[in-house]
Amino acid sequence: MRVTNSMINRNSMTNMNRNKVSVDAMNTQMTTQKKISRPSEDPVIAIRALRLRTNLSEINQYYTKNIPDAESWLELTETAIKNMKEIVSEVYKQCVKGSTDTLKAEDRSAILQNLQALRSQIYKEGNADNAGRTIFTGYKTGSQLTFATDELETRYNITESFSFEDIDEKRYYADLVDVPTNMGEVQNDVALEDMPKEAVHMRVRLSYAELETPPAGEELELKVTDAQGNASTITTKTMSYADWADSDFAVADDEVLFIPESGELIFGKDVSEQLKGDKANFTVNYNKTGFNDGEIRPEHYFDCVNITDEKNPITYKKEIQEIAYTICFDQTLVVNTQASDVFDASIGRDVDELTDAVQSAIAAHDKIAKLEAMKNQEQYADKESQELLDHWLEAAKKEASYMDDNMQKLYSKAVGDFQGYLDDIVAAQTDVGSKGDRLELTKTRVENQKTSFEKLKSTNEDRELSDIIIDYTSAYTAYQASLMASSKSNQQTLLNYI
């Protein structure tokens, strides 16, 4: 086969260009320190790079955003629960202290001051937020747990559920002493039938006081379901607290009284025994207009309807509302805790009743002190006035005895109640802590995955500079050799052989 000069030239150019391309490729790798700059250079590396980068992007999303957001939410939740635990623990301590029968006047005053200070903080921890999102209100993160101001025109229709276990004993007191201020009032005396009286009834306390009185001809109804699933209805009888007090707190055995002012259902003996015997659950539907600063918003605890604007009612359904973060591949973590799992709706009302009991005991002992001081006044020095004041003093001491006994019994009961509230709070705190532990484990795993994927990505795409320099030197040497060989071969012509 005859090899012409043009063939030698074309082959030389091809070889030189091939070596030049190799030098250019090595030069590009030296600049980028990447194995390829275009997918066509190595499709396998390109496909793996796409997959690894996608996975690494997801891992970075989990590690730098989702997990820190979840950590922040859980930390704020744990802090709020811890603060609530301290508040309820302090109330519990006051209950233990108040349940003793050796309280002095200064002890009662100290307990009262502590309870009043704690009452204002009861639910405020439930308004904790994470970057403007309230953390205890489920999906309603734009709404606080409590009313921030007095909303006197706000109106709700509320459906509240109870069980037979919620029926408890309550003491009521009639004919309390009004300390006389002049001789005429002293001479009115205290008749035996007008001495302070105690009535004990079974009741259920609703979550709110100052409720609406049902319209004329209508009464609240209890929708009852017994343990066998049988349904029935009990119609209540509405009575104002003042009228009930005037009747010496009487209630028939077969009736249920609804007291709007105190937000209570008073059960007659037969009714309460039947509900307990049937192990019944029941619901009651009522209306309330006007809420005070610090009261819980009904939508976070009950099925209810905001009927402030009757033409545009807003219906709320109590349900489990979980806010979950995706913290790893196919792994989510519920970060929120709903208020109803931590802040029992009865805590505030319990503290109010304790406060009222202490105030009543203080007031009763003040009446005794005033009457004893009156006995030492000159205008009441005569025998008749002294005897009359003794009658008043007897009534006041009887009232004080009732109030001390009621306060002690109420505090004894509250010891158990607040221990239960503490147990719920501790359980919620434990749940949040376990979520934090799981999140920390996942964070460590994601961090390790991030390191592994970054290493795989680097192995797939990157080249060591030292290796590139070696390959570049080899390619450049080959290129220079091809140049030299081409220059020598191209110097020979046909004339050299003639």
# chains A, B, ... in the order shown; residues from 1 in each chain; ligands from 1
>>> residues_around(residues="Ala110 (chain A)", least_positions_apart="5", cutoff="12 Å", atoms="only C-alpha atoms", output="list in words")
Gln94, Lys97, Gly98, Leu103, Lys104, Ala105, Leu115, Gln116, Ala117, Thr355, Val358, Gln359 and Ile362 of chain A
>>> write_last_selection(atoms="N, CA and C atoms", output="CSV table (one decimal), in the first residue's frame")
chain,number,residue,atom,x,y,z
A,94,GLN,N,-49.5,25.1,98.3
A,94,GLN,CA,-50.5,25.9,99.1
A,94,GLN,C,-51.7,25.0,99.5
A,97,LYS,N,-50.6,23.0,102.5
A,97,LYS,CA,-50.5,23.9,103.7
A,97,LYS,C,-51.9,24.3,104.1
A,98,GLY,N,-52.8,24.6,103.2
A,98,GLY,CA,-54.2,25.0,103.6
A,98,GLY,C,-55.0,23.8,104.2
A,103,LEU,N,-54.2,26.8,110.8
A,103,LEU,CA,-53.9,28.1,110.1
A,103,LEU,C,-54.2,29.3,111.0
A,104,LYS,N,-53.3,30.2,111.0
A,104,LYS,CA,-53.5,31.5,111.7
A,104,LYS,C,-54.0,32.5,110.7
A,105,ALA,N,-54.3,33.7,111.1
A,105,ALA,CA,-54.8,34.7,110.2
A,105,ALA,C,-53.8,35.1,109.2
A,115,LEU,N,-52.1,32.6,96.0
A,115,LEU,CA,-53.1,32.0,95.0
A,115,LEU,C,-53.5,33.1,94.0
A,116,GLN,N,-53.7,34.3,94.4
A,116,GLN,CA,-54.1,35.4,93.5
A,116,GLN,C,-52.9,35.7,92.5
A,117,ALA,N,-51.7,35.6,93.0
A,117,ALA,CA,-50.6,35.8,92.1
A,117,ALA,C,-50.4,34.7,91.1
A,355,THR,N,-59.5,30.3,96.2
A,355,THR,CA,-59.3,31.7,96.6
A,355,THR,C,-60.6,32.2,97.3
A,358,VAL,N,-60.7,30.8,100.9
A,358,VAL,CA,-59.8,31.5,101.8
A,358,VAL,C,-60.3,32.9,102.1
A,359,GLN,N,-60.8,33.6,101.1
A,359,GLN,CA,-61.4,34.9,101.3
A,359,GLN,C,-62.6,34.8,102.3
A,362,ILE,N,-61.3,34.3,105.8
A,362,ILE,CA,-60.7,35.6,106.3
A,362,ILE,C,-61.8,36.6,106.7
>>> select_by_dssp(residues="region 300-372 of chain A", states="alpha helix (DSSP H)", output="VMD selection string")
chain A and resid 347 to 372
>>> write_last_selection(atoms="N, CA and C atoms", output="short mmCIF file (atom, residue, chain, number, x, y, z; two decimals), in the first residue's frame")
data_model
loop_
_atom_site.label_atom_id
_atom_site.label_comp_id
_atom_site.auth_asym_id
_atom_site.auth_seq_id
_atom_site.Cartn_x
_atom_site.Cartn_y
_atom_site.Cartn_z
N ILE A 347 -58.32 23.80 85.99
CA ILE A 347 -57.31 24.34 86.91
C ILE A 347 -57.69 25.74 87.37
N GLY A 348 -58.01 26.60 86.41
CA GLY A 348 -58.35 27.98 86.77
C GLY A 348 -59.55 28.06 87.70
N ARG A 349 -60.58 27.27 87.40
CA ARG A 349 -61.79 27.29 88.24
C ARG A 349 -61.48 26.74 89.63
N ASP A 350 -60.62 25.73 89.72
CA ASP A 350 -60.23 25.19 91.03
C ASP A 350 -59.53 26.26 91.87
N VAL A 351 -58.61 26.97 91.24
CA VAL A 351 -57.90 28.02 91.97
C VAL A 351 -58.87 29.11 92.41
N ASP A 352 -59.83 29.45 91.55
CA ASP A 352 -60.83 30.45 91.93
C ASP A 352 -61.62 30.01 93.16
N GLU A 353 -62.01 28.74 93.20
CA GLU A 353 -62.78 28.26 94.36
C GLU A 353 -61.93 28.24 95.62
N LEU A 354 -60.65 27.87 95.47
CA LEU A 354 -59.76 27.91 96.63
C LEU A 354 -59.61 29.34 97.14
N THR A 355 -59.46 30.26 96.20
CA THR A 355 -59.32 31.67 96.57
C THR A 355 -60.57 32.16 97.29
N ASP A 356 -61.74 31.80 96.76
CA ASP A 356 -63.00 32.20 97.39
C ASP A 356 -63.11 31.63 98.80
N ALA A 357 -62.67 30.37 98.97
CA ALA A 357 -62.76 29.73 100.29
C ALA A 357 -61.88 30.46 101.30
N VAL A 358 -60.68 30.84 100.88
CA VAL A 358 -59.77 31.55 101.79
C VAL A 358 -60.34 32.93 102.12
N GLN A 359 -60.85 33.61 101.10
CA GLN A 359 -61.44 34.94 101.33
C GLN A 359 -62.61 34.85 102.30
N SER A 360 -63.44 33.81 102.14
CA SER A 360 -64.59 33.64 103.04
C SER A 360 -64.13 33.38 104.47
N ALA A 361 -63.07 32.58 104.64
CA ALA A 361 -62.56 32.30 105.98
C ALA A 361 -61.99 33.58 106.60
N ILE A 362 -61.26 34.35 105.80
CA ILE A 362 -60.71 35.61 106.31
C ILE A 362 -61.83 36.56 106.71
N ALA A 363 -62.85 36.66 105.85
CA ALA A 363 -63.97 37.55 106.13
C ALA A 363 -64.71 37.13 107.40
N ALA A 364 -64.88 35.80 107.59
CA ALA A 364 -65.59 35.31 108.77
C ALA A 364 -64.82 35.66 110.05
N HIS A 365 -63.52 35.51 110.04
CA HIS A 365 -62.73 35.84 111.23
C HIS A 365 -62.67 37.36 111.44
N ASP A 366 -62.73 38.13 110.37
CA ASP A 366 -62.80 39.59 110.52
C ASP A 366 -64.09 39.99 111.22
N LYS A 367 -65.18 39.28 110.92
CA LYS A 367 -66.46 39.57 111.57
C LYS A 367 -66.35 39.34 113.08
N ILE A 368 -65.69 38.26 113.46
CA ILE A 368 -65.50 37.98 114.90
C ILE A 368 -64.70 39.11 115.54
N ALA A 369 -63.63 39.54 114.87
CA ALA A 369 -62.78 40.61 115.42
C ALA A 369 -63.57 41.90 115.58
N LYS A 370 -64.42 42.23 114.59
CA LYS A 370 -65.21 43.45 114.67
C LYS A 370 -66.22 43.39 115.82
N LEU A 371 -66.86 42.26 115.98
CA LEU A 371 -67.86 42.12 117.04
C LEU A 371 -67.20 42.15 118.42
N GLU A 372 -66.03 41.54 118.53
CA GLU A 372 -65.31 41.59 119.82
C GLU A 372 -64.88 43.01 120.12
#
>>> residues_around(residues="Ile320 (chain A)", least_positions_apart="4", cutoff="12 Å", atoms="only C-alpha atoms", output="list of chain:residue names")
A:Phe136, A:Thr137, A:Gly138, A:Tyr139, A:Lys140, A:His300, A:Tyr301, A:Phe302, A:Val334, A:Asn336, A:Thr337, A:Gln338, A:Ala339, A:Ser340, A:Asp341
>>> write_last_selection(atoms="C-alpha atoms", output="mmCIF file, in the first residue's frame")
data_model
loop_
_atom_site.group_PDB
_atom_site.id
_atom_site.type_symbol
_atom_site.label_atom_id
_atom_site.label_comp_id
_atom_site.auth_asym_id
_atom_site.auth_seq_id
_atom_site.Cartn_x
_atom_site.Cartn_y
_atom_site.Cartn_z
ATOM 1 C CA PHE A 136 -50.373 24.700 72.110
ATOM 2 C CA THR A 137 -53.324 25.491 69.839
ATOM 3 C CA GLY A 138 -53.047 22.756 67.206
ATOM 4 C CA TYR A 139 -53.597 23.966 63.653
ATOM 5 C CA LYS A 140 -54.908 27.313 64.964
ATOM 6 C CA HIS A 300 -59.244 24.835 72.038
ATOM 7 C CA TYR A 301 -61.117 22.544 74.441
ATOM 8 C CA PHE A 302 -64.700 21.990 73.294
ATOM 9 C CA VAL A 334 -45.151 15.248 65.643
ATOM 10 C CA ASN A 336 -46.820 19.938 68.906
ATOM 11 C CA THR A 337 -48.642 19.258 72.161
ATOM 12 C CA GLN A 338 -52.245 20.430 72.406
ATOM 13 C CA ALA A 339 -53.313 22.531 75.359
ATOM 14 C CA SER A 340 -55.991 20.067 76.427
ATOM 15 C CA ASP A 341 -53.255 17.458 77.029
#
>>> closest_residue(among="A:Asp248, A:Asp270, A:Glu41, A:Glu71", to="Glu193 (chain A)", atoms="only C-alpha atoms")
A:Asp248
>>> residues_around(residues="Asp189 (chain A)", least_positions_apart="2", cutoff="10 Å", atoms="only C-alpha atoms", output="PyMOL selection string")
chain A and resi 180+184-187+191-192+194+385+387-392
>>> residues_around(residues="Ala216 (chain A)", least_positions_apart="4", cutoff="12 Å", atoms="only C-alpha atoms", output="PyMOL selection string")
chain A and resi 212+220+237-238
>>> write_last_selection(atoms="all heavy atoms", output="PDB file, in the first residue's frame")
ATOM      1  N   GLU A 212     -75.271  32.452  80.174  1.00  0.00           N
ATOM      2  CA  GLU A 212     -76.559  33.017  79.796  1.00  0.00           C
ATOM      3  C   GLU A 212     -77.701  32.207  80.411  1.00  0.00           C
ATOM      4  O   GLU A 212     -77.641  30.974  80.465  1.00  0.00           O
ATOM      5  CB  GLU A 212     -76.726  33.027  78.277  1.00  0.00           C
ATOM      6  CG  GLU A 212     -75.835  34.021  77.548  1.00  0.00           C
ATOM      7  CD  GLU A 212     -76.131  34.043  76.057  1.00  0.00           C
ATOM      8  OE1 GLU A 212     -77.221  33.571  75.656  1.00  0.00           O
ATOM      9  OE2 GLU A 212     -75.285  34.541  75.302  1.00  0.00           O
ATOM     10  N   LEU A 220     -81.886  24.024  79.875  1.00  0.00           N
ATOM     11  CA  LEU A 220     -80.770  23.204  79.422  1.00  0.00           C
ATOM     12  C   LEU A 220     -81.144  21.726  79.541  1.00  0.00           C
ATOM     13  O   LEU A 220     -81.882  21.326  80.443  1.00  0.00           O
ATOM     14  CB  LEU A 220     -79.522  23.464  80.256  1.00  0.00           C
ATOM     15  CG  LEU A 220     -78.868  24.843  80.186  1.00  0.00           C
ATOM     16  CD1 LEU A 220     -77.528  24.813  80.901  1.00  0.00           C
ATOM     17  CD2 LEU A 220     -78.681  25.300  78.761  1.00  0.00           C
ATOM     18  N   LYS A 237     -83.542  22.663  85.655  1.00  0.00           N
ATOM     19  CA  LYS A 237     -84.359  23.790  86.103  1.00  0.00           C
ATOM     20  C   LYS A 237     -83.416  24.954  86.393  1.00  0.00           C
ATOM     21  O   LYS A 237     -82.525  24.837  87.230  1.00  0.00           O
ATOM     22  CB  LYS A 237     -85.152  23.418  87.358  1.00  0.00           C
ATOM     23  CG  LYS A 237     -85.952  24.578  87.943  1.00  0.00           C
ATOM     24  CD  LYS A 237     -86.641  24.145  89.228  1.00  0.00           C
ATOM     25  CE  LYS A 237     -87.385  25.299  89.876  1.00  0.00           C
ATOM     26  NZ  LYS A 237     -88.023  24.898  91.169  1.00  0.00           N
ATOM     27  N   THR A 238     -83.588  26.061  85.688  1.00  0.00           N
ATOM     28  CA  THR A 238     -82.705  27.220  85.869  1.00  0.00           C
ATOM     29  C   THR A 238     -83.139  28.025  87.091  1.00  0.00           C
ATOM     30  O   THR A 238     -84.327  28.306  87.279  1.00  0.00           O
ATOM     31  CB  THR A 238     -82.732  28.117  84.631  1.00  0.00           C
ATOM     32  OG1 THR A 238     -82.330  27.353  83.486  1.00  0.00           O
ATOM     33  CG2 THR A 238     -81.780  29.294  84.800  1.00  0.00           C
TER      34      THR A 238
END
>>> closest_residue(among="A:Thr473, A:Thr225, A:Gln449, A:Asn11", to="Ser57 (chain A)", atoms="only C-alpha atoms")
A:Gln449
>>> residues_around(residues="Asp129 (chain A)", least_positions_apart="6", cutoff="12 Å", atoms="only C-alpha atoms", output="PDB file with all heavy atoms, in the first residue's frame")
ATOM      1  N   SER A  72     -36.484  23.751  67.865  1.00  0.00           N
ATOM      2  CA  SER A  72     -36.950  25.004  68.439  1.00  0.00           C
ATOM      3  C   SER A  72     -38.350  24.845  69.019  1.00  0.00           C
ATOM      4  O   SER A  72     -38.630  25.293  70.140  1.00  0.00           O
ATOM      5  CB  SER A  72     -36.945  26.094  67.359  1.00  0.00           C
ATOM      6  OG  SER A  72     -37.512  27.287  67.847  1.00  0.00           O
ATOM      7  N   TRP A  73     -39.234  24.178  68.261  1.00  0.00           N
ATOM      8  CA  TRP A  73     -40.616  23.978  68.726  1.00  0.00           C
ATOM      9  C   TRP A  73     -40.637  23.156  70.015  1.00  0.00           C
ATOM     10  O   TRP A  73     -41.333  23.506  70.983  1.00  0.00           O
ATOM     11  CB  TRP A  73     -41.416  23.294  67.628  1.00  0.00           C
ATOM     12  CG  TRP A  73     -42.897  23.327  67.841  1.00  0.00           C
ATOM     13  CD1 TRP A  73     -43.596  22.709  68.843  1.00  0.00           C
ATOM     14  CD2 TRP A  73     -43.872  24.037  67.065  1.00  0.00           C
ATOM     15  NE1 TRP A  73     -44.926  22.973  68.739  1.00  0.00           N
ATOM     16  CE2 TRP A  73     -45.137  23.779  67.664  1.00  0.00           C
ATOM     17  CE3 TRP A  73     -43.798  24.832  65.938  1.00  0.00           C
ATOM     18  CZ2 TRP A  73     -46.311  24.310  67.141  1.00  0.00           C
ATOM     19  CZ3 TRP A  73     -44.979  25.356  65.426  1.00  0.00           C
ATOM     20  CH2 TRP A  73     -46.219  25.108  66.023  1.00  0.00           C
ATOM     21  N   LEU A  74     -39.880  22.066  70.040  1.00  0.00           N
ATOM     22  CA  LEU A  74     -39.870  21.201  71.219  1.00  0.00           C
ATOM     23  C   LEU A  74     -39.246  21.894  72.426  1.00  0.00           C
ATOM     24  O   LEU A  74     -39.718  21.724  73.557  1.00  0.00           O
ATOM     25  CB  LEU A  74     -39.105  19.911  70.903  1.00  0.00           C
ATOM     26  CG  LEU A  74     -39.780  18.939  69.921  1.00  0.00           C
ATOM     27  CD1 LEU A  74     -38.854  17.765  69.617  1.00  0.00           C
ATOM     28  CD2 LEU A  74     -41.099  18.426  70.491  1.00  0.00           C
ATOM     29  N   GLU A  75     -38.203  22.680  72.204  1.00  0.00           N
ATOM     30  CA  GLU A  75     -37.569  23.398  73.321  1.00  0.00           C
ATOM     31  C   GLU A  75     -38.525  24.407  73.945  1.00  0.00           C
ATOM     32  O   GLU A  75     -38.627  24.508  75.175  1.00  0.00           O
ATOM     33  CB  GLU A  75     -36.307  24.101  72.828  1.00  0.00           C
ATOM     34  CG  GLU A  75     -35.145  23.149  72.549  1.00  0.00           C
ATOM     35  CD  GLU A  75     -33.975  23.850  71.877  1.00  0.00           C
ATOM     36  OE1 GLU A  75     -34.069  25.083  71.661  1.00  0.00           O
ATOM     37  OE2 GLU A  75     -32.977  23.171  71.562  1.00  0.00           O
ATOM     38  N   LEU A  76     -39.245  25.154  73.095  1.00  0.00           N
ATOM     39  CA  LEU A  76     -40.210  26.124  73.611  1.00  0.00           C
ATOM     40  C   LEU A  76     -41.350  25.423  74.333  1.00  0.00           C
ATOM     41  O   LEU A  76     -41.824  25.893  75.373  1.00  0.00           O
ATOM     42  CB  LEU A  76     -40.748  26.980  72.460  1.00  0.00           C
ATOM     43  CG  LEU A  76     -39.757  27.977  71.854  1.00  0.00           C
ATOM     44  CD1 LEU A  76     -40.303  28.557  70.560  1.00  0.00           C
ATOM     45  CD2 LEU A  76     -39.454  29.099  72.838  1.00  0.00           C
ATOM     46  N   THR A  77     -41.798  24.297  73.794  1.00  0.00           N
ATOM     47  CA  THR A  77     -42.864  23.529  74.435  1.00  0.00           C
ATOM     48  C   THR A  77     -42.418  23.031  75.802  1.00  0.00           C
ATOM     49  O   THR A  77     -43.145  23.156  76.791  1.00  0.00           O
ATOM     50  CB  THR A  77     -43.266  22.337  73.555  1.00  0.00           C
ATOM     51  OG1 THR A  77     -43.704  22.808  72.275  1.00  0.00           O
ATOM     52  CG2 THR A  77     -44.394  21.544  74.201  1.00  0.00           C
ATOM     53  N   THR A  79     -40.091  24.238  77.731  1.00  0.00           N
ATOM     54  CA  THR A  79     -39.934  25.362  78.657  1.00  0.00           C
ATOM     55  C   THR A  79     -41.276  25.799  79.227  1.00  0.00           C
ATOM     56  O   THR A  79     -41.419  26.027  80.439  1.00  0.00           O
ATOM     57  CB  THR A  79     -39.263  26.554  77.944  1.00  0.00           C
ATOM     58  OG1 THR A  79     -37.971  26.169  77.497  1.00  0.00           O
ATOM     59  CG2 THR A  79     -39.132  27.740  78.888  1.00  0.00           C
ATOM     60  N   ALA A  80     -42.288  25.908  78.346  1.00  0.00           N
ATOM     61  CA  ALA A  80     -43.624  26.322  78.797  1.00  0.00           C
ATOM     62  C   ALA A  80     -44.219  25.293  79.758  1.00  0.00           C
ATOM     63  O   ALA A  80     -44.813  25.650  80.784  1.00  0.00           O
ATOM     64  CB  ALA A  80     -44.537  26.519  77.592  1.00  0.00           C
ATOM     65  N   ILE A 135     -47.927  27.568  70.130  1.00  0.00           N
ATOM     66  CA  ILE A 135     -47.497  26.179  70.054  1.00  0.00           C
ATOM     67  C   ILE A 135     -48.476  25.184  70.683  1.00  0.00           C
ATOM     68  O   ILE A 135     -48.334  23.978  70.467  1.00  0.00           O
ATOM     69  CB  ILE A 135     -46.102  25.997  70.699  1.00  0.00           C
ATOM     70  CG1 ILE A 135     -46.127  26.385  72.179  1.00  0.00           C
ATOM     71  CG2 ILE A 135     -45.071  26.801  69.946  1.00  0.00           C
ATOM     72  CD1 ILE A 135     -44.783  26.215  72.860  1.00  0.00           C
ATOM     73  N   PHE A 136     -49.465  25.639  71.447  1.00  0.00           N
ATOM     74  CA  PHE A 136     -50.373  24.700  72.110  1.00  0.00           C
ATOM     75  C   PHE A 136     -51.777  24.687  71.502  1.00  0.00           C
ATOM     76  O   PHE A 136     -52.683  24.089  72.081  1.00  0.00           O
ATOM     77  CB  PHE A 136     -50.487  25.035  73.603  1.00  0.00           C
ATOM     78  CG  PHE A 136     -49.245  24.717  74.388  1.00  0.00           C
ATOM     79  CD1 PHE A 136     -48.429  25.735  74.845  1.00  0.00           C
ATOM     80  CD2 PHE A 136     -48.887  23.409  74.673  1.00  0.00           C
ATOM     81  CE1 PHE A 136     -47.277  25.454  75.577  1.00  0.00           C
ATOM     82  CE2 PHE A 136     -47.745  23.119  75.392  1.00  0.00           C
ATOM     83  CZ  PHE A 136     -46.936  24.147  75.849  1.00  0.00           C
ATOM     84  N   THR A 137     -51.965  25.339  70.377  1.00  0.00           N
ATOM     85  CA  THR A 137     -53.324  25.491  69.839  1.00  0.00           C
ATOM     86  C   THR A 137     -53.558  24.687  68.562  1.00  0.00           C
ATOM     87  O   THR A 137     -54.414  25.044  67.752  1.00  0.00           O
ATOM     88  CB  THR A 137     -53.612  26.979  69.577  1.00  0.00           C
ATOM     89  OG1 THR A 137     -52.591  27.528  68.730  1.00  0.00           O
ATOM     90  CG2 THR A 137     -53.643  27.761  70.872  1.00  0.00           C
ATOM     91  N   GLY A 138     -52.822  23.606  68.360  1.00  0.00           N
ATOM     92  CA  GLY A 138     -53.047  22.756  67.206  1.00  0.00           C
ATOM     93  C   GLY A 138     -52.809  23.505  65.910  1.00  0.00           C
ATOM     94  O   GLY A 138     -51.841  24.238  65.761  1.00  0.00           O
ATOM     95  N   LYS A 140     -54.544  25.893  64.821  1.00  0.00           N
ATOM     96  CA  LYS A 140     -54.908  27.313  64.964  1.00  0.00           C
ATOM     97  C   LYS A 140     -53.734  28.084  65.582  1.00  0.00           C
ATOM     98  O   LYS A 140     -53.856  28.674  66.670  1.00  0.00           O
ATOM     99  CB  LYS A 140     -56.182  27.434  65.811  1.00  0.00           C
ATOM    100  CG  LYS A 140     -57.391  26.762  65.179  1.00  0.00           C
ATOM    101  CD  LYS A 140     -58.641  26.893  66.028  1.00  0.00           C
ATOM    102  CE  LYS A 140     -58.651  25.927  67.175  1.00  0.00           C
ATOM    103  NZ  LYS A 140     -58.785  24.518  66.749  1.00  0.00           N
ATOM    104  N   THR A 141     -52.606  28.067  64.881  1.00  0.00           N
ATOM    105  CA  THR A 141     -51.394  28.683  65.426  1.00  0.00           C
ATOM    106  C   THR A 141     -51.467  30.203  65.464  1.00  0.00           C
ATOM    107  O   THR A 141     -50.648  30.845  66.110  1.00  0.00           O
ATOM    108  CB  THR A 141     -50.162  28.260  64.603  1.00  0.00           C
ATOM    109  OG1 THR A 141     -50.378  28.609  63.225  1.00  0.00           O
ATOM    110  CG2 THR A 141     -49.941  26.757  64.705  1.00  0.00           C
ATOM    111  N   GLY A 142     -52.443  30.769  64.764  1.00  0.00           N
ATOM    112  CA  GLY A 142     -52.596  32.226  64.797  1.00  0.00           C
ATOM    113  C   GLY A 142     -53.471  32.704  65.937  1.00  0.00           C
ATOM    114  O   GLY A 142     -53.655  33.907  66.120  1.00  0.00           O
ATOM    115  N   SER A 143     -53.996  31.763  66.728  1.00  0.00           N
ATOM    116  CA  SER A 143     -54.890  32.101  67.839  1.00  0.00           C
ATOM    117  C   SER A 143     -54.228  31.757  69.159  1.00  0.00           C
ATOM    118  O   SER A 143     -53.612  30.702  69.303  1.00  0.00           O
ATOM    119  CB  SER A 143     -56.209  31.331  67.699  1.00  0.00           C
ATOM    120  OG  SER A 143     -57.015  31.469  68.852  1.00  0.00           O
ATOM    121  N   GLN A 144     -54.355  32.640  70.137  1.00  0.00           N
ATOM    122  CA  GLN A 144     -53.801  32.350  71.460  1.00  0.00           C
ATOM    123  C   GLN A 144     -54.690  31.376  72.209  1.00  0.00           C
ATOM    124  O   GLN A 144     -55.859  31.178  71.880  1.00  0.00           O
ATOM    125  CB  GLN A 144     -53.650  33.645  72.258  1.00  0.00           C
ATOM    126  CG  GLN A 144     -52.519  34.541  71.781  1.00  0.00           C
ATOM    127  CD  GLN A 144     -52.185  35.624  72.792  1.00  0.00           C
ATOM    128  OE1 GLN A 144     -53.057  36.121  73.508  1.00  0.00           O
ATOM    129  NE2 GLN A 144     -50.923  35.999  72.863  1.00  0.00           N
ATOM    130  N   LEU A 145     -54.133  30.757  73.253  1.00  0.00           N
ATOM    131  CA  LEU A 145     -54.905  29.824  74.068  1.00  0.00           C
ATOM    132  C   LEU A 145     -55.964  30.555  74.884  1.00  0.00           C
ATOM    133  O   LEU A 145     -57.055  30.036  75.115  1.00  0.00           O
ATOM    134  CB  LEU A 145     -53.969  29.056  75.002  1.00  0.00           C
ATOM    135  CG  LEU A 145     -54.641  28.071  75.961  1.00  0.00           C
ATOM    136  CD1 LEU A 145     -55.311  26.941  75.184  1.00  0.00           C
ATOM    137  CD2 LEU A 145     -53.627  27.503  76.947  1.00  0.00           C
ATOM    138  N   ASN A 336     -45.947  19.112  68.079  1.00  0.00           N
ATOM    139  CA  ASN A 336     -46.820  19.938  68.906  1.00  0.00           C
ATOM    140  C   ASN A 336     -47.517  19.135  69.996  1.00  0.00           C
ATOM    141  O   ASN A 336     -47.714  17.924  69.882  1.00  0.00           O
ATOM    142  CB  ASN A 336     -47.862  20.652  68.048  1.00  0.00           C
ATOM    143  CG  ASN A 336     -48.918  19.708  67.510  1.00  0.00           C
ATOM    144  OD1 ASN A 336     -48.587  18.648  66.979  1.00  0.00           O
ATOM    145  ND2 ASN A 336     -50.170  20.084  67.641  1.00  0.00           N
TER     146      ASN A 336
END
>>> select_by_dssp(residues="region 209-388 of chain A", states="strand (DSSP E)", output="ChimeraX atom specification")
/A:221-225,231-235,237-238,256-259,264-267,281-291,303-306,314-316,324-328,331-334
>>> residues_around(residues="Thr213 (chain A)", least_positions_apart="4", cutoff="10 Å", atoms="only C-alpha atoms", output="list in words")
Glu218, Glu219, Leu220, Thr238, Met239, Ser240, Phe258, Ile259, Pro260, Glu261, Tyr286, Asn287 and Lys288 of chain A
>>> decode(residues="region 173-201 of chain A", atoms="C-alpha atoms", output="PDB file, in the first residue's frame")
ATOM      1  CA  TYR A 173     -73.688  28.431 103.087  1.00  0.00           C
ATOM      2  CA  ALA A 174     -76.791  30.477 103.785  1.00  0.00           C
ATOM      3  CA  ASP A 175     -77.669  33.219 106.310  1.00  0.00           C
ATOM      4  CA  LEU A 176     -74.124  34.501 106.683  1.00  0.00           C
ATOM      5  CA  VAL A 177     -73.614  37.206 109.290  1.00  0.00           C
ATOM      6  CA  ASP A 178     -73.926  40.892 108.403  1.00  0.00           C
ATOM      7  CA  VAL A 179     -72.024  42.666 111.180  1.00  0.00           C
ATOM      8  CA  PRO A 180     -74.240  45.399 112.729  1.00  0.00           C
ATOM      9  CA  THR A 181     -72.950  48.948 112.504  1.00  0.00           C
ATOM     10  CA  ASN A 182     -75.233  50.720 114.989  1.00  0.00           C
ATOM     11  CA  MET A 183     -77.404  50.101 118.035  1.00  0.00           C
ATOM     12  CA  GLY A 184     -80.548  49.596 115.974  1.00  0.00           C
ATOM     13  CA  GLU A 185     -78.964  46.798 113.959  1.00  0.00           C
ATOM     14  CA  VAL A 186     -77.537  45.218 117.116  1.00  0.00           C
ATOM     15  CA  GLN A 187     -81.001  45.095 118.653  1.00  0.00           C
ATOM     16  CA  ASN A 188     -82.376  43.196 115.645  1.00  0.00           C
ATOM     17  CA  ASP A 189     -80.623  40.170 117.173  1.00  0.00           C
ATOM     18  CA  VAL A 190     -79.953  36.906 115.386  1.00  0.00           C
ATOM     19  CA  ALA A 191     -82.856  34.462 115.521  1.00  0.00           C
ATOM     20  CA  LEU A 192     -82.049  30.784 115.859  1.00  0.00           C
ATOM     21  CA  GLU A 193     -83.511  30.057 112.441  1.00  0.00           C
ATOM     22  CA  ASP A 194     -81.306  32.785 110.965  1.00  0.00           C
ATOM     23  CA  MET A 195     -78.044  31.288 112.178  1.00  0.00           C
ATOM     24  CA  PRO A 196     -75.556  30.339 109.390  1.00  0.00           C
ATOM     25  CA  LYS A 197     -76.501  27.072 107.685  1.00  0.00           C
ATOM     26  CA  GLU A 198     -74.584  24.562 105.606  1.00  0.00           C
ATOM     27  CA  ALA A 199     -75.993  22.599 102.652  1.00  0.00           C
ATOM     28  CA  VAL A 200     -74.081  19.805 100.939  1.00  0.00           C
ATOM     29  CA  HIS A 201     -74.968  18.828  97.366  1.00  0.00           C
TER      30      HIS A 201
END
